[in-house]
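Have a look at run21.cif below; it lists mmCIF, C-alpha atoms.
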data_coords
loop_
_atom_site.group_PDB
_atom_site.id
_atom_site.type_symbol
_atom_site.label_atom_id
_atom_site.label_comp_id
_atom_site.auth_asym_id
_atom_site.auth_seq_id
_atom_site.Cartn_x
_atom_site.Cartn_y
_atom_site.Cartn_z
ATOM 1 C CA MET N 19 -3.927 -5.819 19.212
ATOM 2 C CA THR N 20 -7.101 -7.713 18.624
ATOM 3 C CA ALA N 21 -7.318 -11.355 17.689
ATOM 4 C CA ASN N 22 -8.446 -10.328 14.226
ATOM 5 C CA GLN N 23 -5.282 -8.372 13.588
ATOM 6 C CA LEU N 24 -3.167 -11.162 14.973
ATOM 7 C CA MET N 25 -4.771 -13.659 12.616
ATOM 8 C CA PHE N 26 -4.337 -11.319 9.683
ATOM 9 C CA ILE N 27 -0.644 -10.864 10.457
ATOM 10 C CA LEU N 28 -0.180 -14.610 10.780
ATOM 11 C CA PHE N 29 -1.850 -15.394 7.464
ATOM 12 C CA ALA N 30 -0.176 -12.489 5.698
ATOM 13 C CA LEU N 31 3.240 -13.680 6.847
ATOM 14 C CA MET N 32 2.404 -17.223 5.744
ATOM 15 C CA ILE N 33 1.304 -16.001 2.321
ATOM 16 C CA ILE N 34 4.360 -13.807 1.778
ATOM 17 C CA VAL N 35 6.913 -16.360 2.977
ATOM 18 C CA PHE N 36 5.394 -19.303 1.147
ATOM 19 C CA SER N 37 4.781 -17.432 -2.096
ATOM 20 C CA ILE N 38 8.405 -16.360 -2.173
ATOM 21 C CA LEU N 39 9.457 -19.924 -1.373
ATOM 22 C CA THR N 40 7.199 -21.172 -4.176
ATOM 23 C CA VAL N 41 9.082 -19.194 -6.781
ATOM 24 C CA THR N 42 12.567 -19.723 -5.366
ATOM 25 C CA SER N 43 12.550 -23.351 -4.203
ATOM 26 C CA HIS N 44 14.849 -25.610 -6.160
ATOM 27 C CA LYS N 45 12.811 -28.763 -5.630
ATOM 28 C CA ILE N 46 9.711 -28.749 -7.782
ATOM 29 C CA LEU N 47 7.536 -30.874 -5.517
ATOM 30 C CA ARG N 48 8.333 -28.648 -2.555
ATOM 31 C CA ALA N 49 7.334 -25.639 -4.633
ATOM 32 C CA ALA N 50 3.948 -27.275 -5.254
ATOM 33 C CA VAL N 51 3.430 -27.916 -1.539
ATOM 34 C CA TYR N 52 4.365 -24.297 -0.732
ATOM 35 C CA LEU N 53 1.793 -23.217 -3.313
ATOM 36 C CA LEU N 54 -0.769 -25.315 -1.437
ATOM 37 C CA PHE N 55 0.053 -23.442 1.777
ATOM 38 C CA VAL N 56 -0.365 -20.117 -0.001
ATOM 39 C CA LEU N 57 -3.764 -21.113 -1.346
ATOM 40 C CA VAL N 58 -5.003 -22.357 2.030
ATOM 41 C CA SER N 59 -3.906 -19.133 3.748
ATOM 42 C CA THR N 60 -5.648 -17.152 1.033
ATOM 43 C CA SER N 61 -8.854 -18.996 1.757
ATOM 44 C CA ALA N 62 -8.386 -18.117 5.447
ATOM 45 C CA LEU N 63 -8.217 -14.463 4.388
ATOM 46 C CA TYR N 64 -11.478 -14.898 2.508
ATOM 47 C CA PHE N 65 -13.037 -16.267 5.674
ATOM 48 C CA MET N 66 -11.777 -13.188 7.509
ATOM 49 C CA LEU N 67 -13.414 -10.961 4.900
ATOM 50 C CA ASN N 68 -16.692 -12.831 5.507
ATOM 51 C CA TYR N 69 -16.947 -14.441 2.090
ATOM 52 C CA GLN N 70 -17.569 -17.971 3.247
ATOM 53 C CA PHE N 71 -18.773 -19.287 -0.098
ATOM 54 C CA LEU N 72 -15.719 -18.067 -1.935
ATOM 55 C CA ALA N 73 -13.423 -19.414 0.769
ATOM 56 C CA ALA N 74 -15.028 -22.828 0.377
ATOM 57 C CA ILE N 75 -14.601 -22.602 -3.401
ATOM 58 C CA GLN N 76 -10.967 -21.645 -2.906
ATOM 59 C CA LEU N 77 -10.374 -24.618 -0.626
ATOM 60 C CA THR N 78 -12.084 -27.199 -2.788
ATOM 61 C CA LEU N 79 -11.145 -25.972 -6.224
ATOM 62 C CA TYR N 80 -7.681 -24.511 -5.782
ATOM 63 C CA ALA N 81 -6.278 -26.406 -2.836
ATOM 64 C CA GLY N 82 -8.155 -29.591 -3.612
ATOM 65 C CA GLY N 83 -8.242 -29.570 -7.383
ATOM 66 C CA ILE N 84 -5.557 -27.532 -9.058
ATOM 67 C CA VAL N 85 -2.756 -28.365 -6.638
ATOM 68 C CA VAL N 86 -3.509 -32.065 -6.920
ATOM 69 C CA LEU N 87 -3.502 -31.710 -10.703
ATOM 70 C CA ILE N 88 -0.150 -29.903 -10.576
ATOM 71 C CA ILE N 89 1.354 -32.503 -8.249
ATOM 72 C CA PHE N 90 0.158 -35.305 -10.515
ATOM 73 C CA SER N 91 1.694 -33.699 -13.550
ATOM 74 C CA ILE N 92 4.937 -33.130 -11.637
ATOM 75 C CA LEU N 93 5.037 -36.809 -10.763
ATOM 76 C CA LEU N 94 4.338 -37.701 -14.394
ATOM 77 C CA THR N 95 7.004 -35.476 -15.859
ATOM 78 C CA SER N 96 9.963 -35.290 -13.487
ATOM 79 C CA HIS N 97 11.734 -37.146 -10.750
ATOM 80 C CA ILE N 98 10.683 -36.319 -7.230
ATOM 81 C CA SER N 99 14.111 -35.391 -5.998
ATOM 82 C CA GLN N 100 15.117 -33.608 -9.163
ATOM 83 C CA SER N 101 16.330 -30.078 -8.547
ATOM 84 C CA PHE N 102 16.794 -27.555 -11.290
ATOM 85 C CA GLU N 103 20.099 -26.043 -12.053
ATOM 86 C CA SER N 104 20.054 -22.444 -11.053
ATOM 87 C CA LEU N 105 19.775 -19.848 -13.732
ATOM 88 C CA GLY N 106 22.584 -17.440 -14.393
ATOM 89 C CA TRP N 107 22.875 -14.881 -11.631
ATOM 90 C CA LYS N 108 22.398 -12.098 -14.126
ATOM 91 C CA LYS N 109 18.871 -13.192 -15.045
ATOM 92 C CA ASN N 110 18.026 -13.726 -11.399
ATOM 93 C CA ILE N 111 19.267 -10.303 -10.401
ATOM 94 C CA PHE N 112 17.482 -8.485 -13.195
ATOM 95 C CA SER N 113 14.210 -10.326 -12.609
ATOM 96 C CA ALA N 114 14.450 -9.563 -8.901
ATOM 97 C CA ILE N 115 15.114 -5.905 -9.632
ATOM 98 C CA ALA N 116 12.112 -5.754 -11.957
ATOM 99 C CA ALA N 117 9.832 -7.464 -9.432
ATOM 100 C CA ILE N 118 10.980 -5.414 -6.446
ATOM 101 C CA ALA N 119 10.805 -2.149 -8.359
ATOM 102 C CA GLY N 120 7.283 -2.950 -9.470
ATOM 103 C CA ALA N 121 6.281 -3.915 -5.952
ATOM 104 C CA ILE N 122 7.709 -0.725 -4.460
ATOM 105 C CA LEU N 123 6.012 1.405 -7.102
ATOM 106 C CA SER N 124 2.649 -0.257 -6.466
ATOM 107 C CA ILE N 125 2.962 -0.060 -2.693
ATOM 108 C CA VAL N 126 3.872 3.626 -2.816
ATOM 109 C CA THR N 127 0.879 4.270 -5.040
ATOM 110 C CA ILE N 128 -1.421 2.331 -2.719
ATOM 111 C CA LEU N 129 -0.216 4.171 0.374
ATOM 112 C CA ASP N 130 -0.567 7.484 -1.407
ATOM 113 C CA TYR N 131 -4.137 7.018 -2.540
ATOM 114 C CA LYS N 132 -7.064 8.012 -0.350
ATOM 115 C CA PHE N 133 -9.725 5.359 -0.536
ATOM 116 C CA SER N 134 -13.232 6.504 0.276
ATOM 117 C CA ALA N 135 -15.785 3.953 1.329
ATOM 118 C CA THR N 136 -19.482 4.275 0.685
ATOM 119 C CA ALA N 137 -21.758 4.795 3.622
ATOM 120 C CA GLU N 138 -24.303 2.224 2.511
ATOM 121 C CA ALA N 139 -25.084 -0.741 4.671
ATOM 122 C CA ALA N 140 -23.186 -3.939 4.027
ATOM 123 C CA LYS N 141 -25.033 -6.704 2.273
ATOM 124 C CA GLU N 142 -25.085 -10.107 3.865
ATOM 125 C CA VAL N 143 -23.706 -12.631 1.401
ATOM 126 C CA ASP N 144 -25.620 -15.850 1.759
ATOM 127 C CA MET N 145 -26.070 -18.738 -0.611
ATOM 128 C CA ARG N 146 -29.609 -17.750 -1.600
ATOM 129 C CA LEU N 147 -28.462 -14.307 -2.717
ATOM 130 C CA ILE N 148 -25.544 -15.771 -4.678
ATOM 131 C CA GLY N 149 -27.757 -18.235 -6.500
ATOM 132 C CA LYS N 150 -30.407 -15.632 -7.278
ATOM 133 C CA SER N 151 -27.844 -13.153 -8.582
ATOM 134 C CA LEU N 152 -26.142 -15.751 -10.737
ATOM 135 C CA LEU N 153 -29.370 -16.645 -12.485
ATOM 136 C CA SER N 154 -31.201 -13.334 -12.660
ATOM 137 C CA MET N 155 -31.352 -11.168 -15.757
ATOM 138 C CA ASN N 156 -32.028 -7.950 -13.883
ATOM 139 C CA TYR N 157 -29.607 -5.137 -13.243
ATOM 140 C CA ASP N 158 -27.931 -7.121 -10.472
ATOM 141 C CA GLY N 159 -27.908 -10.364 -12.402
ATOM 142 C CA TYR N 160 -24.935 -12.238 -13.724
ATOM 143 C CA VAL N 161 -26.585 -14.750 -16.015
ATOM 144 C CA LEU N 162 -24.534 -13.833 -19.103
ATOM 145 C CA PRO N 163 -21.088 -14.312 -17.489
ATOM 146 C CA PHE N 164 -22.421 -17.429 -15.840
ATOM 147 C CA GLU N 165 -23.359 -18.914 -19.198
ATOM 148 C CA VAL N 166 -20.103 -17.775 -20.779
ATOM 149 C CA ILE N 167 -18.089 -19.390 -18.019
ATOM 150 C CA SER N 168 -20.048 -22.626 -18.300
ATOM 151 C CA ILE N 169 -19.338 -22.778 -22.040
ATOM 152 C CA LEU N 170 -15.672 -22.028 -21.299
ATOM 153 C CA LEU N 171 -15.486 -24.843 -18.760
ATOM 154 C CA LEU N 172 -17.085 -27.271 -21.208
ATOM 155 C CA ALA N 173 -14.678 -26.234 -23.960
ATOM 156 C CA ALA N 174 -11.714 -26.544 -21.593
ATOM 157 C CA MET N 175 -12.772 -30.012 -20.520
ATOM 158 C CA VAL N 176 -13.237 -31.235 -24.100
ATOM 159 C CA SER N 177 -9.987 -29.677 -25.288
ATOM 160 C CA ALA N 178 -8.032 -31.076 -22.350
ATOM 161 C CA ILE N 179 -9.270 -34.556 -23.182
ATOM 162 C CA VAL N 180 -8.565 -34.125 -26.898
ATOM 163 C CA ILE N 181 -5.083 -32.730 -26.347
ATOM 164 C CA ALA N 182 -3.935 -35.155 -23.697
ATOM 165 C CA LYS N 183 -5.330 -38.374 -25.076
ATOM 166 C CA LYS N 184 -2.953 -40.655 -26.815
ATOM 167 C CA ALA N 185 -3.053 -40.528 -30.575
ATOM 168 C CA GLY N 186 -5.060 -43.510 -31.747
ATOM 169 C CA PRO N 187 -3.866 -46.093 -34.234
ATOM 170 C CA SER N 188 -3.328 -43.807 -37.161
ATOM 171 C CA LYS N 189 -3.906 -45.053 -40.667
ATOM 172 C CA THR N 190 -0.698 -43.846 -42.263
ATOM 173 C CA LYS N 191 2.075 -44.582 -39.813
ATOM 174 C CA SER N 192 2.581 -44.866 -36.127
ATOM 175 C CA PRO N 193 3.533 -41.584 -34.491
ATOM 176 C CA THR N 194 7.192 -41.393 -33.769
ATOM 177 C CA TYR N 195 8.091 -39.451 -30.704
ATOM 178 C CA ASN N 196 11.346 -37.661 -30.395
ATOM 179 C CA GLN N 197 12.228 -37.605 -34.008
ATOM 180 C CA LYS N 198 15.307 -35.531 -34.395
ATOM 181 C CA MET T 7 -15.929 -7.313 11.612
ATOM 182 C CA ASN T 8 -12.505 -6.540 10.178
ATOM 183 C CA SER T 9 -11.940 -3.632 12.457
ATOM 184 C CA GLY T 10 -8.366 -2.591 12.819
ATOM 185 C CA ILE T 11 -7.178 -3.949 9.489
ATOM 186 C CA PRO T 12 -6.957 -1.166 6.923
ATOM 187 C CA LEU T 13 -7.684 -1.872 3.293
ATOM 188 C CA GLN T 14 -4.118 -0.976 2.405
ATOM 189 C CA TYR T 15 -2.772 -4.024 4.236
ATOM 190 C CA PHE T 16 -4.724 -6.357 1.995
ATOM 191 C CA LEU T 17 -3.576 -4.472 -1.091
ATOM 192 C CA ILE T 18 0.078 -4.544 -0.036
ATOM 193 C CA LEU T 19 -0.165 -8.259 0.679
ATOM 194 C CA ALA T 20 -1.684 -8.881 -2.750
ATOM 195 C CA THR T 21 1.015 -6.725 -4.354
ATOM 196 C CA ILE T 22 3.820 -8.725 -2.778
ATOM 197 C CA MET T 23 2.183 -11.970 -3.845
ATOM 198 C CA PHE T 24 1.663 -10.650 -7.378
ATOM 199 C CA PHE T 25 5.279 -9.647 -7.804
ATOM 200 C CA ALA T 26 6.501 -12.910 -6.335
ATOM 201 C CA GLY T 27 4.503 -14.521 -9.141
ATOM 202 C CA ILE T 28 6.075 -12.149 -11.680
ATOM 203 C CA TYR T 29 9.539 -13.047 -10.409
ATOM 204 C CA GLY T 30 8.803 -16.743 -10.728
ATOM 205 C CA PHE T 31 7.372 -16.220 -14.189
ATOM 206 C CA LEU T 32 10.573 -14.490 -15.283
ATOM 207 C CA THR T 33 13.115 -16.812 -13.704
ATOM 208 C CA ARG T 34 11.608 -20.286 -13.887
ATOM 209 C CA ARG T 35 12.467 -22.523 -16.800
ATOM 210 C CA ASN T 36 10.098 -25.381 -16.096
ATOM 211 C CA LEU T 37 6.607 -25.219 -17.599
ATOM 212 C CA ILE T 38 4.865 -26.472 -14.459
ATOM 213 C CA THR T 39 6.548 -23.927 -12.217
ATOM 214 C CA ILE T 40 5.602 -21.194 -14.680
ATOM 215 C CA LEU T 41 2.019 -22.396 -14.376
ATOM 216 C CA MET T 42 2.327 -22.217 -10.584
ATOM 217 C CA SER T 43 3.530 -18.612 -10.846
ATOM 218 C CA VAL T 44 0.500 -17.778 -12.955
ATOM 219 C CA GLU T 45 -1.730 -19.295 -10.282
ATOM 220 C CA LEU T 46 -0.070 -17.049 -7.700
ATOM 221 C CA ILE T 47 -0.752 -13.989 -9.833
ATOM 222 C CA LEU T 48 -4.418 -14.883 -10.347
ATOM 223 C CA ASN T 49 -4.837 -15.555 -6.646
ATOM 224 C CA SER T 50 -3.417 -12.183 -5.645
ATOM 225 C CA VAL T 51 -5.815 -10.470 -8.023
ATOM 226 C CA ASN T 52 -8.668 -12.311 -6.322
ATOM 227 C CA ILE T 53 -7.601 -10.978 -2.931
ATOM 228 C CA ASN T 54 -7.677 -7.467 -4.388
ATOM 229 C CA PHE T 55 -11.165 -7.892 -5.799
ATOM 230 C CA LEU T 56 -12.553 -9.190 -2.525
ATOM 231 C CA ALA T 57 -10.878 -6.561 -0.356
ATOM 232 C CA PHE T 58 -12.172 -3.755 -2.578
ATOM 233 C CA ASN T 59 -15.630 -5.238 -2.558
ATOM 234 C CA ARG T 60 -15.746 -5.632 1.204
ATOM 235 C CA TYR T 61 -14.228 -2.311 2.159
ATOM 236 C CA LEU T 62 -15.370 0.148 -0.494
ATOM 237 C CA TYR T 63 -18.596 -1.271 -1.940
ATOM 238 C CA PRO T 64 -20.078 -3.580 0.697
ATOM 239 C CA HIS T 65 -23.600 -3.180 -0.702
ATOM 240 C CA LYS T 66 -22.686 -4.775 -4.021
ATOM 241 C CA LEU T 67 -21.429 -8.159 -5.114
ATOM 242 C CA GLU T 68 -19.392 -7.418 -8.232
ATOM 243 C CA GLY T 69 -16.019 -8.255 -6.735
ATOM 244 C CA MET T 70 -17.191 -11.560 -5.399
ATOM 245 C CA PHE T 71 -18.698 -12.702 -8.681
ATOM 246 C CA PHE T 72 -15.662 -11.565 -10.590
ATOM 247 C CA SER T 73 -13.524 -13.643 -8.243
ATOM 248 C CA ILE T 74 -15.714 -16.663 -8.905
ATOM 249 C CA PHE T 75 -15.228 -16.194 -12.634
ATOM 250 C CA VAL T 76 -11.499 -15.699 -12.238
ATOM 251 C CA ILE T 77 -11.316 -18.952 -10.282
ATOM 252 C CA ALA T 78 -13.259 -20.767 -13.002
ATOM 253 C CA VAL T 79 -10.995 -19.358 -15.711
ATOM 254 C CA ALA T 80 -7.930 -20.342 -13.687
ATOM 255 C CA ALA T 81 -9.231 -23.872 -13.275
ATOM 256 C CA SER T 82 -9.905 -24.349 -16.970
ATOM 257 C CA GLU T 83 -6.574 -22.745 -17.826
ATOM 258 C CA ALA T 84 -4.746 -25.126 -15.494
ATOM 259 C CA ALA T 85 -6.533 -28.134 -16.991
ATOM 260 C CA VAL T 86 -5.695 -27.200 -20.584
ATOM 261 C CA ALA T 87 -2.137 -26.153 -19.695
ATOM 262 C CA ILE T 88 -1.436 -29.433 -17.952
ATOM 263 C CA ALA T 89 -2.849 -31.375 -20.898
ATOM 264 C CA ILE T 90 -0.524 -29.441 -23.200
ATOM 265 C CA ILE T 91 2.433 -29.957 -20.844
ATOM 266 C CA ILE T 92 1.899 -33.698 -20.730
ATOM 267 C CA ASN T 93 1.648 -33.816 -24.493
ATOM 268 C CA ILE T 94 4.871 -31.831 -24.808
ATOM 269 C CA TYR T 95 6.550 -34.232 -22.406
ATOM 270 C CA ARG T 96 5.458 -37.143 -24.573
ATOM 271 C CA ARG T 97 7.043 -35.644 -27.662
ATOM 272 C CA PHE T 98 10.201 -34.095 -26.241
ATOM 273 C CA THR T 99 10.674 -35.968 -22.914
ATOM 274 C CA THR T 100 11.361 -32.645 -21.273
ATOM 275 C CA ILE T 101 9.317 -29.664 -20.153
ATOM 276 C CA ASN T 102 12.144 -27.202 -19.981
ATOM 277 C CA VAL T 103 11.129 -24.172 -22.003
ATOM 278 C CA GLU T 104 14.568 -23.776 -23.510
ATOM 279 C CA ASP T 105 14.500 -27.255 -24.997
ATOM 280 C CA VAL T 106 10.979 -26.996 -26.359
ATOM 281 C CA ASN T 107 11.416 -24.658 -29.264
ATOM 282 C CA GLU T 108 9.931 -26.283 -32.312
ATOM 283 C CA MET T 109 6.366 -26.887 -33.300
ATOM 284 C CA LYS T 110 7.186 -29.599 -35.794
ATOM 285 C CA PHE T 111 4.680 -32.374 -35.458
#
Since I need it in another form, could you write the structure as C-alpha cells?
Amino acid sequence: MTANQLMFILFALMIIVFSILTVTSHKILRAAVYLLFVLVSTSALYFMLNYQFLAAIQLTLYAGGIVVLIIFSILLTSHISQSFESLGWKKNIFSAIAAIAGAILSIVTILDYKFSATAEAAKEVDMRLIGKSLLSMNYDGYVLPFEVISILLLAAMVSAIVIAKKAGPSKTKSPTYNQK
Amino acid sequence: MNSGIPLQYFLILATIMFFAGIYGFLTRRNLITILMSVELILNSVNINFLAFNRYLYPHKLEGMFFSIFVIAVAASEAAVAIAIIINIYRRFTTINVEDVNEMKF
C-alpha cells in the first residue's frame, strides 16, 4: 500500500465519518465544526488530485468563509448548548431508508459502469492557464460564465445587505415584530 | 500521481457524502442545519467533477472551471440564505421550519 493510498483512505474515512456526524449531531455548533472538518478533508483530496488552485479556493472560501458565516449565524440565532429534540423515529427511519437506498443504487451503478479514459496527455494546471482560460473568448475560454458569475456575486451581495439590514425608520409606523 | 486509487473510490466517497447531505436535508428541522446539508451536497458534486476531469479528461479543464463556478454559487447562496435566516429570526424569534409557516409581513 503506497502512501498515496493511505492518505486517500484517511481522508475518505474522515469525510464519511464527519459528514454523517454533521447531519446526525444534536448540538448545532458541533455540527458546524464537523462540517469544517469535512471541507478541510475535501480540500486535501483536491490537493491529491493535483488541483492546487481549487484546493486553496476550497480552504479559503469554504473553510474560511462559509463556515465562519454559518457559525456566526448559529451564535446569533440559538444558544450554544441548545440541542434539538429528536424527530419522530418514523421520519428518521424513512429518511435513512431513502438515503441508504439511493446510495446503494448509485454505488452499484458506479461499480457496474466501465469508465474509459482518454489517452491524451494530461494538462498541467497552473495559474497562468487558469487566468487565460477564464478571460479568453476562444473555444477553450470561459469568459461568459465568468461574467455571469460575477454578476451573480454582485447581486447576491446587494441582496444580502438589503435583506438583512434593519428596516429604517418607516414613515407610517414602526415595524412590530412577532405580531400574532 | 494518483496511482493505485481507482476513479470509482472517489465516486463512491462522493456518493456517500451526497446521501448524507440528503439525509440531513430530510430530517433536520433547523434552517441553518438544512443549509449545512446543502453545502455537503454541493461539495460532493465538486469532488465528482474534479475526479472525472482528472481521470477521464486530463487534457481539458471543464470540470475544474465548473467546480469554481459551483463554489461561487454556493458562496452567494450561503450569503443570501443566512441573510434571510437572520431576518426570519428577527420576525419569529425561531428558525425552526415548522414554526415558520406564514409569509405575513
Could you spell out the hits of the PyMOL selection byres ((chain N) within 6 of (chain T)) on the shown file, as a PyMOL selection string? chain N and resi 38+41+113+117+125+135-136+140-141+171+174+178+182+195-196
Can you pull out the residues contacting segment 73-90 of chain N? Cut-off 6 Å, using all atoms listed in the file, and skip same-chain residues under 4 positions away; I want them as a list in words.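 So the residues in contact are Leu54, Ser61, Tyr64 and Phe65 of chain N.
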Centre, edges in Å (one decimal): axis-aligned box, segment 78-91 of chain T, 5 Å padding on all six sides, as lines of an AutoDock Vina configuration file:
center_x = -5.4
center_y = -25.4
center_z = -18.1
size_x = 25.7
size_y = 22.0
size_z = 20.2
So how many Å separate atom CA of Val126 of chain N and atom CA of Ala30 of chain N, to one decimal?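 Going from atom CA of Val126 of chain N over to atom CA of Ala30 of chain N, I get 18.7 Å.
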Measure the distance from atom CA of Asn54 of chain T to atom CA of Ser124 of chain N in Å and round it to one decimal.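 Taking atom CA of Asn54 of chain T as the start and atom CA of Ser124 of chain N as the end point, the length is 12.8 Å.
Interatomic distance, atom CA of Leu93 of chain N to atom CA of Arg48 of chain N: 12.0 Å.
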Apply the PyMOL selection byres ((chain N and resi 163) around 10) to the structure shown and report the selected residues as a count of residues only. 15
